[in-house]
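Structure file structure.cif (mmCIF, C-alpha atoms and all ligand atoms) is printed below.
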```cif
data_model
loop_
_atom_site.label_atom_id
_atom_site.label_comp_id
_atom_site.auth_asym_id
_atom_site.auth_seq_id
_atom_site.Cartn_x
_atom_site.Cartn_y
_atom_site.Cartn_z
CA MET A 1 119.86 42.40 102.37
CA ASN A 2 120.80 38.78 103.07
CA ARG A 3 117.23 37.50 103.00
CA LYS A 4 115.48 35.24 100.54
CA PHE A 5 111.86 35.45 99.42
CA LEU A 6 109.97 33.23 97.05
CA LEU A 7 106.69 34.30 95.45
CA VAL A 8 104.27 31.62 94.35
CA ASP A 9 101.70 32.98 91.85
CA MET A 10 99.15 30.86 89.97
CA ASP A 11 98.95 31.47 86.23
CA ALA A 12 95.56 32.74 84.99
CA PHE A 13 94.14 31.48 88.27
CA PHE A 14 90.35 31.48 87.75
CA VAL A 15 90.78 30.14 84.22
CA SER A 16 93.20 27.46 85.43
CA CYS A 17 90.68 26.31 88.06
CA GLU A 18 88.13 25.80 85.27
CA VAL A 19 90.62 24.11 82.96
CA SER A 20 91.64 21.69 85.72
CA ALA A 21 88.03 20.47 85.86
CA ARG A 22 87.58 20.49 82.08
CA PRO A 23 90.90 19.48 80.46
CA GLU A 24 89.35 19.84 76.97
CA LEU A 25 89.72 23.64 77.50
CA LYS A 26 93.50 23.36 77.77
CA GLY A 27 95.36 25.39 75.16
CA LYS A 28 92.21 27.32 74.15
CA PRO A 29 91.38 31.00 74.53
CA VAL A 30 89.30 31.07 77.71
CA GLY A 31 88.02 33.85 79.96
CA VAL A 32 86.26 33.71 83.31
CA VAL A 33 83.53 36.31 83.63
CA THR A 34 82.34 38.04 86.79
CA GLY A 35 79.31 40.29 87.10
CA ALA A 36 75.99 40.20 85.31
CA GLN A 37 75.87 38.43 81.95
CA ARG A 38 75.30 41.53 79.85
CA HIS A 39 77.62 43.79 81.81
CA GLY A 40 80.17 41.16 82.77
CA VAL A 41 83.90 41.70 82.82
CA VAL A 42 86.61 39.18 82.11
CA ALA A 43 88.36 38.63 85.44
CA SER A 44 90.89 36.06 84.30
CA VAL A 45 92.24 35.40 80.81
CA SER A 46 94.10 32.35 79.50
CA TYR A 47 97.48 33.04 77.94
CA GLU A 48 96.09 31.92 74.56
CA ALA A 49 93.42 34.66 74.73
CA ARG A 50 95.99 37.23 75.86
CA LYS A 51 97.66 36.85 72.45
CA TYR A 52 94.58 38.55 70.98
CA GLY A 53 94.91 41.48 73.36
CA VAL A 54 92.25 40.34 75.84
CA LYS A 55 93.08 41.62 79.32
CA ALA A 56 91.68 41.16 82.82
CA GLY A 57 89.09 43.81 83.64
CA MET A 58 87.78 44.14 80.06
CA PRO A 59 84.04 44.07 79.37
CA THR A 60 82.99 40.77 77.78
CA TYR A 61 81.84 42.40 74.52
CA LYS A 62 85.31 43.83 74.01
CA ALA A 63 86.93 40.47 74.73
CA LYS A 64 84.65 38.88 72.10
CA ASP A 65 85.48 41.60 69.58
CA LEU A 66 89.19 41.00 70.02
CA CYS A 67 88.97 37.23 70.15
CA PRO A 68 85.73 35.87 68.64
CA SER A 69 86.67 32.27 69.51
CA ILE A 70 87.09 33.00 73.20
CA ILE A 71 85.23 30.59 75.50
CA LEU A 72 83.63 32.58 78.31
CA ILE A 73 82.78 30.85 81.57
CA PRO A 74 80.82 32.41 84.46
CA ALA A 75 82.91 32.68 87.62
CA ASP A 76 82.44 30.16 90.41
CA ILE A 77 84.06 32.09 93.24
CA THR A 78 83.35 29.42 95.88
CA LYS A 79 85.32 26.88 93.87
CA TYR A 80 88.28 29.26 93.42
CA ALA A 81 88.27 30.15 97.11
CA TYR A 82 88.32 26.45 98.00
CA ILE A 83 91.25 25.73 95.68
CA SER A 84 93.05 28.83 96.93
CA ASP A 85 92.59 27.73 100.57
CA SER A 86 93.83 24.23 99.77
CA ILE A 87 96.96 25.56 98.05
CA MET A 88 97.66 28.03 100.86
CA ASP A 89 97.16 25.28 103.47
CA TYR A 90 99.67 23.11 101.64
CA LEU A 91 102.24 25.96 101.60
CA LYS A 92 101.66 26.72 105.28
CA SER A 93 102.08 23.05 106.16
CA LYS A 94 105.46 22.96 104.39
CA PHE A 95 106.98 26.34 105.33
CA PRO A 96 106.97 28.29 108.60
CA LYS A 97 106.93 31.76 107.04
CA VAL A 98 104.10 32.09 104.52
CA GLU A 99 102.39 35.40 103.76
CA VAL A 100 99.20 35.09 101.75
CA PHE A 101 99.32 38.11 99.45
CA SER A 102 96.18 37.63 97.38
CA VAL A 103 93.80 34.88 96.35
CA ASP A 104 96.50 33.19 94.28
CA GLU A 105 99.80 34.61 95.51
CA ALA A 106 101.88 33.89 98.59
CA PHE A 107 105.34 34.95 99.68
CA ILE A 108 107.53 32.45 101.47
CA GLU A 109 110.59 33.60 103.35
CA LEU A 110 113.37 31.04 103.17
CA SER A 111 116.63 30.94 105.07
CA PRO A 112 119.26 32.95 103.16
CA ASN A 113 121.29 29.86 102.23
CA ALA A 114 118.34 27.70 101.11
CA ASP A 115 118.41 26.23 97.60
CA ALA A 116 115.47 28.39 96.50
CA LEU A 117 115.41 27.20 92.89
CA LYS A 118 115.17 23.57 93.99
CA ILE A 119 112.41 24.44 96.49
CA GLY A 120 110.59 26.48 93.84
CA LYS A 121 110.71 23.54 91.43
CA GLU A 122 109.33 21.19 94.09
CA ILE A 123 106.44 23.58 94.88
CA LYS A 124 105.62 23.91 91.19
CA ASP A 125 105.65 20.17 90.63
CA TYR A 126 103.47 19.48 93.67
CA ILE A 127 100.82 22.10 92.90
CA LYS A 128 100.66 21.04 89.26
CA LYS A 129 100.32 17.38 90.17
CA ARG A 130 97.91 17.78 93.06
CA PHE A 131 95.72 20.67 91.84
CA HIS A 132 96.41 20.74 88.08
CA ILE A 133 97.10 24.47 88.31
CA PRO A 134 100.10 25.95 86.45
CA LEU A 135 102.11 28.54 88.35
CA THR A 136 105.19 30.71 88.38
CA VAL A 137 107.76 31.11 91.12
CA GLY A 138 109.90 34.23 91.50
CA ILE A 139 112.82 34.42 93.91
CA GLY A 140 114.70 37.44 95.21
CA PRO A 141 116.40 39.09 98.19
CA SER A 142 113.13 40.97 98.92
CA ARG A 143 109.45 40.58 98.15
CA VAL A 144 109.50 43.26 95.50
CA ILE A 145 112.31 41.54 93.59
CA ALA A 146 110.64 38.12 93.95
CA LYS A 147 107.49 39.68 92.50
CA MET A 148 109.34 41.20 89.55
CA ALA A 149 111.19 37.92 88.88
CA CYS A 150 107.79 36.23 88.84
CA GLU A 151 106.24 38.75 86.42
CA LEU A 152 109.25 38.43 84.11
CA SER A 153 109.06 34.66 83.87
CA LYS A 154 105.28 34.11 83.59
CA PRO A 155 103.68 31.75 82.65
CA ASP A 156 104.97 28.45 84.05
CA GLY A 157 108.21 30.17 85.03
CA LEU A 158 110.88 29.87 87.68
CA MET A 159 113.41 32.65 88.10
CA GLU A 160 115.81 33.88 90.73
CA ILE A 161 117.25 37.39 90.78
CA LYS A 162 120.12 37.82 93.20
CA GLU A 163 120.89 41.15 94.85
CA GLU A 164 123.94 41.75 92.66
CA GLU A 165 121.88 41.00 89.53
CA ILE A 166 119.09 43.55 90.10
CA LEU A 167 120.53 46.30 87.95
CA GLN A 168 121.63 43.96 85.19
CA LYS A 169 118.34 42.02 85.02
CA LEU A 170 115.85 44.77 85.83
CA GLY A 171 117.67 48.03 85.12
CA GLU A 172 116.33 48.51 81.60
CA LEU A 173 112.72 47.80 82.54
CA ASP A 174 110.13 50.54 82.46
CA VAL A 175 109.35 52.11 85.87
CA GLU A 176 105.79 50.80 85.48
CA GLU A 177 107.07 47.27 86.04
CA ILE A 178 107.60 48.10 89.70
CA PRO A 179 104.57 46.83 91.63
CA GLY A 180 102.66 49.82 92.91
CA ILE A 181 103.81 52.25 90.23
CA GLY A 182 100.78 52.72 88.01
CA GLU A 183 100.22 54.49 84.76
CA ARG A 184 99.83 57.96 86.24
CA SER A 185 102.88 57.83 88.50
CA ALA A 186 104.87 56.39 85.60
CA GLU A 187 103.77 59.29 83.41
CA ALA A 188 104.80 61.79 86.06
CA LEU A 189 108.17 60.08 86.46
CA LYS A 190 108.69 60.07 82.72
CA SER A 191 107.93 63.76 82.50
CA MET A 192 110.93 64.19 84.83
CA GLY A 193 113.07 62.08 82.46
CA ILE A 194 112.89 58.97 84.67
CA ARG A 195 111.92 56.11 82.38
CA THR A 196 113.63 52.98 83.64
CA ILE A 197 114.45 51.31 86.91
CA LYS A 198 118.06 52.29 86.34
CA ASP A 199 117.01 55.94 86.11
CA LEU A 200 115.42 55.58 89.54
CA TRP A 201 118.73 54.23 90.90
CA ILE A 202 120.51 57.33 89.73
CA VAL A 203 118.01 60.06 90.55
CA ASP A 204 118.39 62.11 93.73
CA GLU A 205 115.93 60.90 96.38
CA ASP A 206 115.16 64.44 97.57
CA LEU A 207 113.97 65.33 94.10
CA LEU A 208 111.53 62.41 94.17
CA ILE A 209 110.33 63.29 97.66
CA ARG A 210 109.70 66.89 96.63
CA ARG A 211 107.57 65.71 93.72
CA PHE A 212 105.81 62.65 95.18
CA GLY A 213 106.12 62.97 98.96
CA ILE A 214 106.70 59.73 100.81
CA ARG A 215 105.87 57.76 97.67
CA GLY A 216 109.01 59.16 96.08
CA ARG A 217 111.09 57.31 98.63
CA TRP A 218 109.07 54.13 98.09
CA PHE A 219 109.68 54.28 94.34
CA LYS A 220 113.42 54.54 94.78
CA ASP A 221 113.56 51.90 97.52
CA MET A 222 111.63 49.43 95.42
CA ALA A 223 113.69 50.11 92.30
CA MET A 224 116.77 49.28 94.34
CA GLY A 225 115.13 46.09 95.53
CA LYS A 226 114.07 47.11 99.02
CA ASP A 227 110.58 46.29 100.28
CA SER A 228 108.71 49.44 101.11
CA GLY A 229 105.29 51.04 100.72
CA PHE A 230 103.09 48.27 99.43
CA PHE A 231 105.20 45.56 101.03
CA THR A 232 105.89 46.96 104.49
CA LEU A 233 102.47 45.74 105.53
CA LEU A 234 103.71 42.18 105.17
CA GLU A 235 106.96 42.96 106.92
CA ASN A 236 104.90 44.00 109.94
CA GLY A 237 103.19 40.64 109.90
CA LEU A 238 99.78 42.11 109.32
CA THR A 239 97.26 39.66 107.96
CA LEU A 240 94.02 41.18 109.17
CA LYS A 241 90.75 39.90 107.83
CA SER A 242 88.65 42.83 108.95
CA ILE A 243 88.69 46.03 110.94
CA GLY A 244 85.59 46.93 112.81
CA HIS A 245 84.16 48.70 115.77
CA SER A 246 80.93 48.38 117.68
CA GLU A 247 79.41 50.10 120.66
CA THR A 248 76.87 48.94 123.15
CA PHE A 249 74.92 51.82 124.61
CA SER A 250 73.90 51.95 128.22
CA ARG A 251 70.60 53.54 127.23
CA ASP A 252 68.21 53.44 124.31
CA ILE A 253 69.11 55.36 121.18
CA ILE A 254 66.21 56.24 118.94
CA GLU A 255 66.68 59.65 117.34
CA MET A 256 68.17 59.64 113.87
CA GLU A 257 70.54 62.49 114.66
CA GLU A 258 71.99 60.53 117.51
CA ILE A 259 72.21 57.32 115.48
CA LYS A 260 74.09 59.28 112.82
CA ALA A 261 76.43 60.84 115.34
CA TYR A 262 77.37 57.48 116.86
CA THR A 263 77.74 55.90 113.46
CA LEU A 264 80.10 58.67 112.42
CA TYR A 265 82.12 58.13 115.58
CA LEU A 266 82.38 54.39 114.84
CA CYS A 267 83.31 55.02 111.22
CA GLU A 268 86.00 57.53 112.17
CA LYS A 269 87.47 54.93 114.53
CA VAL A 270 87.43 52.28 111.83
CA GLY A 271 88.94 54.69 109.28
CA ARG A 272 91.65 55.61 111.69
CA ARG A 273 92.60 51.99 112.34
CA LEU A 274 92.60 51.29 108.60
CA ARG A 275 95.03 54.15 108.04
CA LYS A 276 97.17 53.12 110.97
CA HIS A 277 97.71 49.77 109.26
CA ASN A 278 97.96 51.34 105.80
CA LEU A 279 94.89 49.51 104.58
CA MET A 280 91.77 50.12 102.59
CA GLY A 281 88.73 47.83 102.27
CA TYR A 282 86.16 46.92 99.68
CA ARG A 283 83.35 45.46 101.77
CA LEU A 284 81.39 47.21 104.48
CA SER A 285 79.07 45.66 107.04
CA VAL A 286 76.80 47.41 109.51
CA TYR A 287 74.73 45.74 112.17
CA VAL A 288 72.26 46.86 114.77
CA ARG A 289 70.89 45.31 117.94
CA TYR A 290 67.68 46.63 119.39
CA THR A 291 66.62 46.91 123.02
CA ASP A 292 64.29 43.92 122.51
CA PHE A 293 67.40 41.83 121.63
CA THR A 294 66.45 41.38 118.01
CA GLY A 295 68.92 42.64 115.45
CA ASN A 296 69.85 42.85 111.82
CA GLY A 297 72.80 43.55 109.60
CA ILE A 298 73.78 44.15 106.01
CA SER A 299 77.00 43.78 104.06
CA LYS A 300 77.90 45.16 100.66
CA LYS A 301 80.97 45.09 98.47
CA PHE A 302 81.81 48.37 96.75
CA LYS A 303 83.71 48.89 93.53
CA GLU A 304 85.85 51.63 95.05
CA PRO A 305 87.71 50.88 98.25
CA VAL A 306 86.92 52.88 101.38
CA ILE A 307 89.74 54.67 103.16
CA THR A 308 88.44 57.68 105.06
CA GLY A 309 86.03 57.77 107.96
CA LEU A 310 83.69 60.04 106.05
CA GLU A 311 83.45 57.63 103.15
CA ILE A 312 82.78 54.76 105.49
CA TYR A 313 80.15 56.89 107.21
CA LYS A 314 78.31 57.80 104.01
CA LYS A 315 78.18 54.17 102.93
CA ALA A 316 77.28 52.98 106.43
CA ILE A 317 74.30 55.36 106.56
CA PHE A 318 73.23 54.21 103.11
CA LEU A 319 73.29 50.62 104.37
CA LEU A 320 71.70 51.44 107.74
CA ASN A 321 68.80 53.12 105.99
CA GLN A 322 68.02 49.82 104.31
CA ILE A 323 67.74 47.84 107.52
CA LEU A 324 66.80 50.18 110.38
CA GLU A 325 63.55 49.39 112.15
CA LEU A 326 61.74 51.97 114.22
CA LYS A 327 62.80 50.53 117.55
CA PRO A 328 65.19 51.69 120.29
CA ILE A 329 68.77 50.68 119.55
CA ARG A 330 71.34 49.29 121.97
CA LEU A 331 74.25 48.48 119.67
CA ILE A 332 75.66 49.63 116.36
CA GLY A 333 78.62 47.99 114.64
CA VAL A 334 80.61 48.88 111.54
CA SER A 335 83.23 46.62 109.94
CA VAL A 336 85.34 46.83 106.82
CA PHE A 337 86.35 43.57 105.12
CA GLU A 338 88.27 42.51 102.02
CA LEU A 339 91.23 44.59 103.02
CA ALA A 340 94.08 45.51 100.74
CA PRO A 341 97.25 47.52 101.26
CA LEU A 342 96.66 51.23 100.78
CA ASN A 343 98.52 51.46 97.54
CA PRO A 344 101.41 53.91 97.35
CA GLN A 345 99.81 54.87 94.07
CA LEU A 346 97.47 57.23 95.85
CA SER A 347 97.13 59.20 92.66
CA LEU A 348 94.74 56.43 91.64
CA PHE A 349 92.19 58.12 93.79
CA GLY A 350 92.39 61.51 92.14
CA ASP A 351 90.35 64.03 94.08
CA LYS A 352 90.13 61.72 97.04
CA ASN A 353 93.81 62.38 97.70
CA LYS A 354 93.19 65.61 99.53
CA GLU A 355 90.64 64.03 101.80
CA ILE A 356 92.99 61.14 102.56
CA ALA A 357 95.87 63.51 103.27
CA LEU A 358 93.61 65.55 105.58
CA GLU A 359 92.63 62.46 107.53
CA PHE A 360 96.27 61.49 107.99
CA THR A 361 96.93 64.99 109.33
CA LEU A 362 93.96 64.77 111.72
CA ASP A 363 95.33 61.42 112.91
CA LYS A 364 98.61 63.10 113.76
CA ILE A 365 96.89 65.86 115.76
CA ASN A 366 94.71 63.32 117.56
CA ASP A 367 97.78 61.16 118.26
CA ILE A 368 99.40 64.07 120.04
CA TYR A 369 96.44 65.64 121.80
CA GLY A 370 94.25 62.60 122.41
CA GLU A 371 91.56 60.70 120.54
CA PHE A 372 88.97 62.93 118.84
CA THR A 373 90.60 66.24 119.78
CA VAL A 374 89.65 67.22 116.26
CA ARG A 375 86.37 65.76 115.14
CA ARG A 376 83.58 66.41 112.74
CA ALA A 377 80.75 68.74 113.69
CA ARG A 378 78.13 66.04 113.31
CA MET A 379 79.68 64.07 116.13
CA ALA A 380 78.61 66.85 118.50
CA GLY A 381 75.15 65.25 118.43
CA MET A 382 76.62 62.35 120.35
CA LYS A 383 75.73 62.22 124.01
CA THR A 384 78.15 60.60 126.40
CA SER A 385 77.58 57.65 128.75
CA HIS A 386 78.20 54.64 126.62
CA HIS A 387 80.77 51.96 126.90
CA VAL A 388 82.71 50.21 124.22
CA ILE A 389 82.62 46.48 123.62
CA PRO A 390 85.95 45.73 121.93
CA PRO A 391 85.77 43.83 118.68
CA ARG A 392 87.06 40.26 118.74
CA GLY A 393 90.70 39.48 118.12
CA ILE A 394 91.48 42.61 116.22
CA PRO A 395 94.59 44.65 116.96
CA ARG A 396 93.96 48.23 118.00
N1 LIG A 401 90.93 38.96 89.35
C1 LIG A 401 89.71 39.61 89.24
N2 LIG A 401 89.64 40.85 88.67
C2 LIG A 401 90.77 41.47 88.21
C3 LIG A 401 92.02 40.84 88.33
C4 LIG A 401 92.06 39.57 88.91
O1 LIG A 401 88.70 39.06 89.66
N3 LIG A 401 90.68 42.68 87.64
C5 LIG A 401 90.96 37.58 89.89
C6 LIG A 401 91.00 36.62 88.74
C7 LIG A 401 92.42 36.13 88.68
C8 LIG A 401 92.84 36.22 90.12
O2 LIG A 401 92.14 37.33 90.67
O3 LIG A 401 92.47 34.81 88.15
C9 LIG A 401 94.32 36.42 90.28
O4 LIG A 401 94.71 37.66 89.70
P1 LIG A 401 96.08 37.81 88.92
O5 LIG A 401 96.31 39.25 88.72
O6 LIG A 401 97.14 37.01 89.60
O7 LIG A 401 95.73 37.22 87.49
P2 LIG A 401 95.77 35.75 86.92
O8 LIG A 401 96.15 34.74 87.95
O9 LIG A 401 94.46 35.50 86.23
O10 LIG A 401 96.87 35.86 85.79
P3 LIG A 401 98.47 35.88 85.92
O11 LIG A 401 98.92 34.63 85.25
O12 LIG A 401 98.90 37.09 85.17
O13 LIG A 401 98.84 35.91 87.37
CA CA A 402 98.02 34.95 89.24
#
```
Could you show the structure in this file as structure tokens?
Ligand code: DCP
Ligand code: CA
Amino acid sequence: MNRKFLLVDMDAFFVSCEVSARPELKGKPVGVVTGAQRHGVVASVSYEARKYGVKAGMPTYKAKDLCPSIILIPADITKYAYISDSIMDYLKSKFPKVEVFSVDEAFIELSPNADALKIGKEIKDYIKKRFHIPLTVGIGPSRVIAKMACELSKPDGLMEIKEEEILQKLGELDVEEIPGIGERSAEALKSMGIRTIKDLWIVDEDLLIRRFGIRGRWFKDMAMGKDSGFFTLLENGLTLKSIGHSETFSRDIIEMEEIKAYTLYLCEKVGRRLRKHNLMGYRLSVYVRYTDFTGNGISKKFKEPVITGLEIYKKAIFLLNQILELKPIRLIGVSVFELAPLNPQLSLFGDKNKEIALEFTLDKINDIYGEFTVRRARMAGMKTSHHVIPPRGIPR
């Protein structure tokens, strides 16, 4: 592999941001809550509260049941985003190859002979001193190994796993410890007698592919320390902020059927580009410009990510219905934001799997025979004679 990656991951990030402003909270069970007061969930949990079994994603009432002394603080996302940006800017100013992986995680590729432990220690010291945020650094010959080294040494850790140490240091771990292998995939693997990372080393790849499709290969690759699935996105240098598509019409559009048909066309395009980049997104925006040059737009974050064109379409129509005025339209735009890698753990999506698989198949047919060779019936309502205004700075 002869490469070296370092993962920088803040410990209990949202909580740590609060503790840095209020040092009296240090060492106490603390949770940061997102969502409405009564129906809030704990998004970040201090390591002291974790001892009581409190976990990220739990409803606040459950967190209080488990740990009555927990101090719950409402989330201040703007503050966390600012601290996150400042930390990422610092990393980017120091290293040429930084991949921001999430709000509080970044991979740094170092030269293979760099003294990664020394560099990791320096990063830790600087971030702690400058931002008062504790963090863990994992180092490995690939991103997936750096990530596992990080998880193993949290909190306030620093660990390197060399290529020749993978089996010895990780071999006995449960398959679930591999990023991207969730509970359901782990269960399925276990039902085949594959419990540990070492078991994945030994098992025949064809057997995994027969059972899990392409994900089977990803599982084995990652167990052996090779970036795949989840991490190939980064390898391709993809750091998109949004994927969107808009069309300016050369004539007025007013009938609902036609609006729907164009919207579906836009959503299919967006869905297709998402899949091409192996992405899904949580936020959807739609915007409209009318012939009189006025316009409006709406944006909403959804709990479930959108992946397929049809899903994007249903949500886009829901949003459009909230803003549409009874005026002739000249432009419609649809964008998906808050992108995340389309997890290899597709089983997460249950029934949605079939729809996703179908869309991938349609993509293949359309790749061969031309865009929209196969398309949904509703798009037939679309009349021709329009031209496309390409979205800004977004790869096709
Ligand atoms: N987050 C969230 N909802 C979740 C999980 C996380 O809003 N279900 C937010 C809060 C976290 C931040 O993202 O502080 C980073 O997520 P991590 O998974 O890295 O969790 P922490 O940084 O809180 O803890 P750890 O020390 O395990 O990394
Ligand atoms: Ca973290």
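Closest to A:Gly281 among A:Val137, A:Leu339, A:Leu200, A:Met224 is A:Leu339, based on only C-alpha atoms.
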Neighbours of ligand LIG 401 (chain A) within 7 Å, counting only C-alpha atoms and all ligand atoms, as an MDAnalysis selection string? chainID A and resid 9:15 43:45 56:57 103:105 154:155
Smallest atom-to-atom distance to ligand CA 402 (chain A): which of A:Leu264, A:Leu320, A:Met58, A:Cys150, using all atoms listed in the file? A:Cys150
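One distance worth recording is that between atom CA of A:Ile77 and atom CA of A:Thr34, which is 8.9 Å.
Take the candidates A:Leu324, A:Ile133, A:Leu91, A:Val54 and check each one against ligand CA 402 (chain A) using all atoms listed in the file; the shortest distance goes to A:Ile133.
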Restricting to only C-alpha atoms and all ligand atoms, whichever of A:Glu325, A:Glu151, A:Glu160, A:Glu257 is closest to ligand CA 402 (chain A) is A:Glu151
Can you list, as a PDB file with C-alpha atoms, in the coordinates of the input, every protein, DNA or RNA residue that comes within 7 Å of A:Glu99 when you count only C-alpha atoms, leaving out same-chain residues fewer than 6 positions away?
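This went into out.pdb:
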```pdb
ATOM      1  CA  ALA A 106     101.880  33.890  98.590  1.00  0.00           C
ATOM      2  CA  PHE A 107     105.340  34.950  99.680  1.00  0.00           C
ATOM      3  CA  ILE A 108     107.530  32.450 101.470  1.00  0.00           C
TER       4      ILE A 108
END
```
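Counting from atom CA of A:Thr294, the distance to atom CA of A:Ile259 is 17.1 Å.
Taking atom CA of A:Lys301 and atom CA of A:Ala316 as the two end points, the separation is 11.8 Å.
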Taking all atoms listed in the file into account, name the residue in A:Leu72, A:Val8, A:Ala114, A:Leu189 that is nearest to ligand CA 402 (chain A). A:Val8
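Nearest residue to A:Met1, choosing from A:Pro134, A:Ser250, A:Leu25, A:Arg143 and counting only C-alpha atoms: A:Arg143.
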Residues around (71.0, 42.4, 110.6), cut-off 12 Å, counting only C-alpha atoms - what are they as an MDAnalysis selection string? chainID A and resid 285:290 293:299 319:325 331:334
With 12 Å as the threshold, what does the neighbourhood of (105.7, 20.6, 88.4) contain in terms of residues, counting only C-alpha atoms? Coordinates are those of the file; answer as an MDAnalysis selection string. chainID A and resid 118:137 156:158
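Those residues that approach A:Ile312 to within 9 Å, counting all atoms listed in the file, are Leu264, Cys267, Glu268, Val270, Gly271, Leu284, Val306, Val334 and Val336 of chain A; same-chain residues fewer than 6 positions away are not listed.
Residue neighbourhood of A:Ile307, excluding near-sequence residues (fewer than 5 positions): Gly271, Arg272, Leu274, Arg275, Leu279, Met280, Gly281, Ile312, Leu342 and Ile356 of chain A, at 9 Å, using only C-alpha atoms.
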